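Colleague: Structure: protein-v1.txt, compact mmCIF, N, CA and C atoms and all ligand atoms.
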# COMPACT_ATOMS: atom_id res chain seq x y z
N MET A 1 58.38 -88.90 -92.77
CA MET A 1 58.15 -89.92 -93.82
C MET A 1 58.76 -91.25 -93.38
N ASP A 2 58.04 -92.31 -93.64
CA ASP A 2 58.49 -93.62 -93.19
C ASP A 2 59.43 -94.22 -94.24
N CYS A 3 60.66 -93.71 -94.24
CA CYS A 3 61.64 -94.17 -95.23
C CYS A 3 62.92 -94.55 -94.50
N LEU A 4 63.37 -95.79 -94.70
CA LEU A 4 64.55 -96.30 -94.02
C LEU A 4 65.78 -95.42 -94.25
N PHE A 5 66.03 -95.06 -95.50
CA PHE A 5 67.25 -94.29 -95.77
C PHE A 5 67.12 -92.84 -95.29
N CYS A 6 65.92 -92.26 -95.30
CA CYS A 6 65.74 -90.93 -94.69
C CYS A 6 66.08 -91.00 -93.20
N LYS A 7 65.70 -92.09 -92.54
CA LYS A 7 66.01 -92.25 -91.11
C LYS A 7 67.51 -92.42 -90.89
N ILE A 8 68.17 -93.14 -91.79
CA ILE A 8 69.63 -93.29 -91.70
C ILE A 8 70.30 -91.93 -91.89
N ILE A 9 69.87 -91.17 -92.89
CA ILE A 9 70.44 -89.84 -93.16
C ILE A 9 70.25 -88.93 -91.94
N ALA A 10 69.08 -89.03 -91.31
CA ALA A 10 68.77 -88.18 -90.14
C ALA A 10 69.47 -88.67 -88.87
N GLY A 11 70.11 -89.86 -88.94
CA GLY A 11 70.78 -90.41 -87.76
C GLY A 11 69.84 -91.12 -86.80
N GLU A 12 68.59 -91.30 -87.20
CA GLU A 12 67.61 -92.00 -86.34
C GLU A 12 67.86 -93.50 -86.32
N ILE A 13 68.46 -93.99 -87.41
CA ILE A 13 68.92 -95.38 -87.47
C ILE A 13 70.43 -95.31 -87.71
N PRO A 14 71.21 -96.03 -86.86
CA PRO A 14 72.66 -95.91 -87.00
C PRO A 14 73.19 -96.48 -88.30
N SER A 15 74.28 -95.91 -88.79
CA SER A 15 74.94 -96.41 -89.98
C SER A 15 76.43 -96.08 -89.86
N THR A 16 77.23 -96.78 -90.64
CA THR A 16 78.66 -96.48 -90.69
C THR A 16 78.91 -95.53 -91.85
N LYS A 17 79.10 -94.26 -91.51
CA LYS A 17 79.26 -93.22 -92.54
C LYS A 17 80.62 -93.33 -93.22
N VAL A 18 80.62 -93.26 -94.55
CA VAL A 18 81.90 -93.21 -95.26
C VAL A 18 82.04 -91.92 -96.07
N TYR A 19 80.94 -91.21 -96.26
CA TYR A 19 81.00 -89.98 -97.05
C TYR A 19 79.82 -89.09 -96.67
N GLU A 20 80.07 -87.78 -96.64
CA GLU A 20 78.95 -86.85 -96.46
C GLU A 20 79.32 -85.49 -97.03
N ASP A 21 78.41 -84.91 -97.79
CA ASP A 21 78.52 -83.49 -98.13
C ASP A 21 77.13 -82.89 -97.98
N ASP A 22 76.92 -81.69 -98.47
CA ASP A 22 75.65 -81.01 -98.25
C ASP A 22 74.46 -81.79 -98.80
N ASN A 23 74.68 -82.52 -99.87
CA ASN A 23 73.56 -83.14 -100.59
C ASN A 23 73.60 -84.66 -100.67
N VAL A 24 74.75 -85.24 -100.31
CA VAL A 24 74.96 -86.68 -100.50
C VAL A 24 75.39 -87.33 -99.19
N TYR A 25 74.88 -88.55 -98.94
CA TYR A 25 75.31 -89.33 -97.77
C TYR A 25 75.72 -90.71 -98.25
N GLY A 26 76.83 -91.21 -97.70
CA GLY A 26 77.33 -92.54 -98.07
C GLY A 26 77.60 -93.36 -96.83
N PHE A 27 77.21 -94.63 -96.86
CA PHE A 27 77.36 -95.50 -95.68
C PHE A 27 77.54 -96.94 -96.12
N LEU A 28 78.07 -97.77 -95.21
CA LEU A 28 78.30 -99.18 -95.53
C LEU A 28 76.98 -99.94 -95.61
N ASP A 29 76.86 -100.79 -96.63
CA ASP A 29 75.69 -101.66 -96.73
C ASP A 29 75.72 -102.68 -95.60
N ILE A 30 74.56 -102.94 -95.03
CA ILE A 30 74.45 -103.85 -93.88
C ILE A 30 74.67 -105.31 -94.30
N GLU A 31 74.50 -105.59 -95.58
CA GLU A 31 74.65 -106.96 -96.09
C GLU A 31 75.57 -106.92 -97.31
N PRO A 32 76.87 -106.74 -97.06
CA PRO A 32 77.79 -106.47 -98.19
C PRO A 32 77.88 -107.62 -99.19
N GLN A 33 77.84 -107.25 -100.47
CA GLN A 33 77.93 -108.23 -101.55
C GLN A 33 79.33 -108.26 -102.17
N ALA A 34 80.24 -107.50 -101.62
CA ALA A 34 81.64 -107.45 -102.07
C ALA A 34 82.45 -106.91 -100.90
N PRO A 35 83.79 -107.07 -100.92
CA PRO A 35 84.61 -106.54 -99.82
C PRO A 35 84.36 -105.06 -99.55
N VAL A 36 84.09 -104.29 -100.61
CA VAL A 36 83.63 -102.90 -100.44
C VAL A 36 82.21 -102.82 -100.95
N HIS A 37 81.29 -102.38 -100.11
CA HIS A 37 79.89 -102.21 -100.55
C HIS A 37 79.33 -101.00 -99.81
N ILE A 38 79.30 -99.90 -100.54
CA ILE A 38 78.87 -98.62 -99.99
C ILE A 38 77.59 -98.19 -100.69
N ILE A 39 76.67 -97.61 -99.92
CA ILE A 39 75.43 -97.06 -100.48
C ILE A 39 75.55 -95.53 -100.50
N LEU A 40 75.31 -94.95 -101.66
CA LEU A 40 75.33 -93.49 -101.82
C LEU A 40 73.92 -93.01 -102.14
N VAL A 41 73.45 -92.03 -101.37
CA VAL A 41 72.08 -91.54 -101.54
C VAL A 41 72.03 -90.02 -101.59
N PRO A 42 71.06 -89.47 -102.32
CA PRO A 42 70.78 -88.04 -102.16
C PRO A 42 70.12 -87.83 -100.79
N LYS A 43 70.49 -86.76 -100.09
CA LYS A 43 69.87 -86.50 -98.78
C LYS A 43 68.38 -86.19 -98.95
N GLN A 44 68.07 -85.56 -100.05
CA GLN A 44 66.66 -85.26 -100.35
C GLN A 44 65.98 -86.56 -100.79
N HIS A 45 64.80 -86.83 -100.25
CA HIS A 45 64.10 -88.06 -100.62
C HIS A 45 63.67 -88.06 -102.09
N VAL A 46 64.11 -89.08 -102.79
CA VAL A 46 63.65 -89.37 -104.16
C VAL A 46 63.38 -90.87 -104.16
N ALA A 47 62.19 -91.28 -104.56
CA ALA A 47 61.81 -92.68 -104.39
C ALA A 47 62.62 -93.63 -105.27
N SER A 48 62.85 -93.24 -106.50
CA SER A 48 63.60 -94.12 -107.41
C SER A 48 64.05 -93.30 -108.61
N ALA A 49 64.78 -93.94 -109.52
CA ALA A 49 65.22 -93.26 -110.75
C ALA A 49 64.01 -92.77 -111.55
N ASN A 50 62.88 -93.42 -111.38
CA ASN A 50 61.66 -93.00 -112.11
C ASN A 50 61.17 -91.61 -111.69
N GLU A 51 61.55 -91.19 -110.49
CA GLU A 51 61.07 -89.89 -109.97
C GLU A 51 62.05 -88.76 -110.24
N LEU A 52 63.14 -89.04 -110.95
CA LEU A 52 64.15 -87.99 -111.21
C LEU A 52 63.59 -86.91 -112.13
N THR A 53 63.94 -85.66 -111.82
CA THR A 53 63.60 -84.52 -112.66
C THR A 53 64.86 -83.68 -112.85
N GLU A 54 64.73 -82.62 -113.62
CA GLU A 54 65.87 -81.73 -113.88
C GLU A 54 66.51 -81.22 -112.58
N GLU A 55 65.69 -81.05 -111.54
CA GLU A 55 66.22 -80.50 -110.28
C GLU A 55 67.23 -81.44 -109.61
N HIS A 56 67.25 -82.71 -110.03
CA HIS A 56 68.17 -83.66 -109.41
C HIS A 56 69.49 -83.82 -110.18
N THR A 57 69.62 -83.11 -111.28
CA THR A 57 70.80 -83.27 -112.14
C THR A 57 72.10 -83.12 -111.34
N GLU A 58 72.17 -82.10 -110.51
CA GLU A 58 73.41 -81.80 -109.80
C GLU A 58 73.72 -82.89 -108.75
N VAL A 59 72.72 -83.31 -108.02
CA VAL A 59 73.00 -84.27 -106.94
C VAL A 59 73.42 -85.63 -107.51
N ILE A 60 72.87 -86.02 -108.65
CA ILE A 60 73.30 -87.29 -109.26
C ILE A 60 74.75 -87.18 -109.72
N GLY A 61 75.12 -86.05 -110.28
CA GLY A 61 76.52 -85.83 -110.64
C GLY A 61 77.42 -85.91 -109.41
N LYS A 62 76.96 -85.31 -108.31
CA LYS A 62 77.75 -85.31 -107.07
C LYS A 62 77.91 -86.71 -106.50
N ILE A 63 76.90 -87.55 -106.67
CA ILE A 63 77.00 -88.94 -106.20
C ILE A 63 78.11 -89.67 -106.96
N PHE A 64 78.19 -89.46 -108.27
CA PHE A 64 79.23 -90.13 -109.05
C PHE A 64 80.61 -89.56 -108.72
N LEU A 65 80.69 -88.27 -108.49
CA LEU A 65 81.97 -87.68 -108.07
C LEU A 65 82.38 -88.23 -106.70
N ALA A 66 81.42 -88.41 -105.81
CA ALA A 66 81.71 -88.97 -104.48
C ALA A 66 82.24 -90.39 -104.64
N ALA A 67 81.63 -91.18 -105.52
CA ALA A 67 82.07 -92.56 -105.74
C ALA A 67 83.52 -92.58 -106.23
N ALA A 68 83.84 -91.72 -107.19
CA ALA A 68 85.21 -91.69 -107.73
C ALA A 68 86.21 -91.23 -106.66
N LYS A 69 85.77 -90.30 -105.81
CA LYS A 69 86.64 -89.81 -104.73
C LYS A 69 86.91 -90.93 -103.71
N ILE A 70 85.86 -91.63 -103.33
CA ILE A 70 86.00 -92.74 -102.38
C ILE A 70 86.93 -93.81 -102.97
N ALA A 71 86.75 -94.10 -104.27
CA ALA A 71 87.57 -95.12 -104.93
C ALA A 71 89.06 -94.75 -104.86
N LYS A 72 89.36 -93.49 -105.07
CA LYS A 72 90.76 -93.04 -105.00
C LYS A 72 91.26 -93.11 -103.56
N GLU A 73 90.44 -92.59 -102.63
CA GLU A 73 90.85 -92.56 -101.22
C GLU A 73 91.05 -93.96 -100.64
N GLN A 74 90.15 -94.88 -101.01
CA GLN A 74 90.23 -96.23 -100.45
C GLN A 74 91.13 -97.14 -101.27
N GLY A 75 91.66 -96.62 -102.40
CA GLY A 75 92.71 -97.34 -103.12
C GLY A 75 92.25 -98.39 -104.12
N PHE A 76 90.97 -98.38 -104.50
CA PHE A 76 90.51 -99.37 -105.48
C PHE A 76 90.17 -98.76 -106.84
N ALA A 77 90.54 -97.49 -107.03
CA ALA A 77 90.20 -96.82 -108.30
C ALA A 77 90.84 -97.53 -109.49
N GLU A 78 92.10 -97.89 -109.36
CA GLU A 78 92.81 -98.52 -110.49
C GLU A 78 92.32 -99.94 -110.72
N ALA A 79 92.09 -100.69 -109.65
CA ALA A 79 91.62 -102.08 -109.78
C ALA A 79 90.23 -102.11 -110.40
N GLY A 80 89.42 -101.10 -110.09
CA GLY A 80 88.08 -100.99 -110.67
C GLY A 80 86.97 -101.21 -109.67
N TYR A 81 85.81 -100.87 -110.10
CA TYR A 81 84.63 -100.94 -109.22
C TYR A 81 83.38 -100.85 -110.07
N ARG A 82 82.23 -101.01 -109.40
CA ARG A 82 80.95 -100.94 -110.11
C ARG A 82 79.99 -100.05 -109.34
N ILE A 83 79.25 -99.23 -110.07
CA ILE A 83 78.20 -98.39 -109.48
C ILE A 83 76.88 -98.90 -110.04
N VAL A 84 75.95 -99.25 -109.13
CA VAL A 84 74.70 -99.90 -109.55
C VAL A 84 73.51 -99.16 -108.97
N ASN A 85 72.50 -98.94 -109.80
CA ASN A 85 71.21 -98.48 -109.30
C ASN A 85 70.16 -99.52 -109.67
N ASN A 86 69.46 -100.03 -108.67
CA ASN A 86 68.34 -100.94 -108.92
C ASN A 86 67.07 -100.10 -108.90
N CYS A 87 66.26 -100.22 -109.95
CA CYS A 87 65.02 -99.44 -110.03
C CYS A 87 63.83 -100.37 -110.19
N GLY A 88 62.91 -100.23 -109.24
CA GLY A 88 61.65 -100.97 -109.35
C GLY A 88 61.79 -102.46 -109.10
N GLU A 89 60.68 -103.16 -109.27
CA GLU A 89 60.62 -104.58 -108.91
C GLU A 89 61.57 -105.43 -109.75
N ASP A 90 61.52 -105.27 -111.05
CA ASP A 90 62.40 -106.08 -111.90
C ASP A 90 63.87 -105.70 -111.72
N GLY A 91 64.10 -104.46 -111.34
CA GLY A 91 65.48 -104.02 -111.08
C GLY A 91 66.03 -104.52 -109.76
N GLY A 92 65.14 -105.02 -108.90
CA GLY A 92 65.58 -105.55 -107.60
C GLY A 92 65.66 -104.50 -106.51
N GLN A 93 64.97 -103.37 -106.69
CA GLN A 93 64.98 -102.31 -105.66
C GLN A 93 64.15 -102.74 -104.46
N THR A 94 64.76 -102.68 -103.27
CA THR A 94 64.05 -103.07 -102.05
C THR A 94 63.82 -101.90 -101.09
N VAL A 95 64.56 -100.81 -101.28
CA VAL A 95 64.37 -99.62 -100.44
C VAL A 95 63.97 -98.47 -101.37
N SER A 96 62.82 -97.86 -101.06
CA SER A 96 62.27 -96.83 -101.96
C SER A 96 62.82 -95.44 -101.68
N HIS A 97 64.14 -95.35 -101.66
CA HIS A 97 64.86 -94.07 -101.62
C HIS A 97 66.03 -94.27 -102.57
N LEU A 98 66.06 -93.49 -103.63
CA LEU A 98 67.08 -93.64 -104.68
C LEU A 98 68.47 -93.84 -104.07
N HIS A 99 69.16 -94.88 -104.53
CA HIS A 99 70.51 -95.14 -104.02
C HIS A 99 71.36 -95.82 -105.06
N PHE A 100 72.66 -95.63 -104.92
CA PHE A 100 73.64 -96.24 -105.82
C PHE A 100 74.57 -97.11 -104.99
N HIS A 101 74.72 -98.35 -105.43
CA HIS A 101 75.65 -99.27 -104.77
C HIS A 101 77.04 -99.03 -105.37
N LEU A 102 78.03 -98.87 -104.52
CA LEU A 102 79.43 -98.80 -104.96
C LEU A 102 80.09 -100.09 -104.49
N LEU A 103 80.44 -100.94 -105.46
CA LEU A 103 80.96 -102.28 -105.16
C LEU A 103 82.39 -102.39 -105.67
N ALA A 104 83.25 -103.00 -104.84
CA ALA A 104 84.66 -103.15 -105.23
C ALA A 104 85.32 -104.20 -104.36
N GLY A 105 86.57 -104.52 -104.71
CA GLY A 105 87.36 -105.42 -103.87
C GLY A 105 87.37 -106.86 -104.34
N ARG A 106 86.65 -107.15 -105.41
CA ARG A 106 86.72 -108.48 -106.02
C ARG A 106 86.37 -108.33 -107.50
N ASN A 107 86.64 -109.38 -108.26
CA ASN A 107 86.32 -109.36 -109.68
C ASN A 107 84.82 -109.58 -109.85
N LEU A 108 84.10 -108.53 -110.20
CA LEU A 108 82.64 -108.60 -110.29
C LEU A 108 82.24 -109.22 -111.63
N GLN A 109 81.26 -110.07 -111.58
CA GLN A 109 80.86 -110.82 -112.78
C GLN A 109 79.84 -110.04 -113.60
N TRP A 110 79.76 -110.40 -114.88
CA TRP A 110 78.78 -109.82 -115.77
C TRP A 110 78.28 -110.91 -116.71
N PRO A 111 77.00 -111.04 -117.01
CA PRO A 111 75.91 -110.18 -116.56
C PRO A 111 75.50 -110.47 -115.12
N PRO A 112 74.85 -109.48 -114.47
CA PRO A 112 74.32 -109.71 -113.12
C PRO A 112 73.16 -110.71 -113.19
N GLY A 113 72.82 -111.28 -112.07
CA GLY A 113 71.75 -112.29 -112.02
C GLY A 113 70.39 -111.72 -112.29
P1 LIG B 201 68.33 -102.33 -103.15
O1 LIG B 201 68.06 -103.81 -103.01
O2 LIG B 201 67.08 -101.52 -102.88
O3 LIG B 201 69.01 -101.94 -104.41
O4 LIG B 201 69.39 -101.98 -102.02
C1 LIG B 201 69.05 -101.78 -100.70
C2 LIG B 201 70.31 -102.06 -99.91
O5 LIG B 201 70.15 -101.53 -98.61
C3 LIG B 201 70.62 -103.56 -99.75
O6 LIG B 201 71.90 -103.83 -100.29
C4 LIG B 201 70.55 -103.77 -98.25
O7 LIG B 201 71.54 -104.68 -97.77
C5 LIG B 201 70.77 -102.38 -97.69
N1 LIG B 201 70.11 -102.14 -96.42
C6 LIG B 201 68.85 -102.48 -96.08
N2 LIG B 201 68.57 -102.10 -94.81
C7 LIG B 201 69.70 -101.50 -94.35
C8 LIG B 201 70.04 -100.88 -93.10
O8 LIG B 201 69.25 -100.80 -92.16
N3 LIG B 201 71.29 -100.38 -92.99
C9 LIG B 201 72.21 -100.45 -94.01
N4 LIG B 201 73.41 -99.93 -93.80
N5 LIG B 201 71.91 -101.00 -95.21
C10 LIG B 201 70.68 -101.53 -95.37
ZN ZN B 202 63.84 -91.38 -98.12
Would it be possible to restate this file's structure as structure tokens?
Modeller:
Amino acid sequence: MDCLFCKIIAGEIPSTKVYEDDNVYGFLDIEPQAPVHIILVPKQHVASANELTEEHTEVIGKIFLAAAKIAKEQGFAEAGYRIVNNCGEDGGQTVSHLHFHLLAGRNLQWPPG
């Protein structure tokens, strides 16, 4: 399948890995929007939040647990962080493989642009 993040997960395109378990892969964003900018993805291809079904319940939970674990390990859990999913055109999604941005290391503004 011609999917950028599937290729990253398979190691066909290099990435800086920060997390991996059986179902989840985490790597540094190539264009960081904060001092910490990690992308967390299910290893199984899912195009977007619109394609989620009951079978994905566990992996989405594991992605959030991975984010909280990384936050503690990297020391920004107390300062805070943001987990973002962009879905579809209006959501600003540019890669059609479901992913969550983990952003930290600066005071993030609200509302987003
Ligand atoms: P989206 O805009 O779809 O929510 O997020 C896609 C993210 O993937 C962007 O933040 C973008 O910088 C990142 N990205 C795009 N191509 C690559 C790549 O080849 N390697 C890495 N590590 N990140 C990428
Ligand atoms: Zn994919």
Colleague: Counting all atoms listed in the file, what is within 5 Å of A:Asp29, bar same-chain residues fewer than 2 positions away, as number ranges by chain?
Modeller: A: 27, 31-32, 37-39
Colleague: Quick one: contact table of chain A to ligand ZN 202 (chain B), 5 Å max, nearest atom pair and distance in Å to one decimal per residue, counting all atoms listed in the file, chain and number order, as a tab-separated table?
Modeller:
residue	atom	partner	partner_atom	distance
A:Cys3	CA	B:ZN202	ZN	4.6
A:Phe5	C	B:ZN202	ZN	4.6
A:Cys6	N	B:ZN202	ZN	3.6
A:His45	CA	B:ZN202	ZN	4.2
A:His97	CA	B:ZN202	ZN	4.5
Colleague: Pick out each residue of chain A that DSSP on the backbone tags as helix (DSSP H, G or I); I need them as a ChimeraX atom specification.
Modeller: /A:4-10,49-51,54-74,88-91
Colleague: Restrict the calculation to only N, CA and C atoms and all ligand atoms, then for each residue of chain A with any atom at most 5 Å from an atom of ligand LIG 201 (chain B) give the closest atom pair and their distance in Å to one decimal, rows by chain and rising residue number, as a Markdown table.
Modeller:
| residue | atom | partner | partner_atom | distance |
| --- | --- | --- | --- | --- |
| A:Leu28 | C | B:LIG201 | N4 | 4.0 |
| A:Asp29 | C | B:LIG201 | N4 | 4.0 |
| A:Ile30 | N | B:LIG201 | N5 | 3.3 |
| A:Glu31 | N | B:LIG201 | O7 | 3.8 |
| A:Asn86 | CA | B:LIG201 | O3 | 4.7 |
| A:Gly92 | C | B:LIG201 | O1 | 4.3 |
| A:Gln93 | C | B:LIG201 | O2 | 3.5 |
| A:Thr94 | N | B:LIG201 | O2 | 2.6 |
| A:Val95 | N | B:LIG201 | O2 | 3.1 |
Colleague: Which of these, A:Arg82, A:Lys7, A:Lys43, A:Lys62, has the shortest distance to A:Ala104 once you count all atoms listed in the file?
Modeller: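 Closest candidate: A:Arg82.
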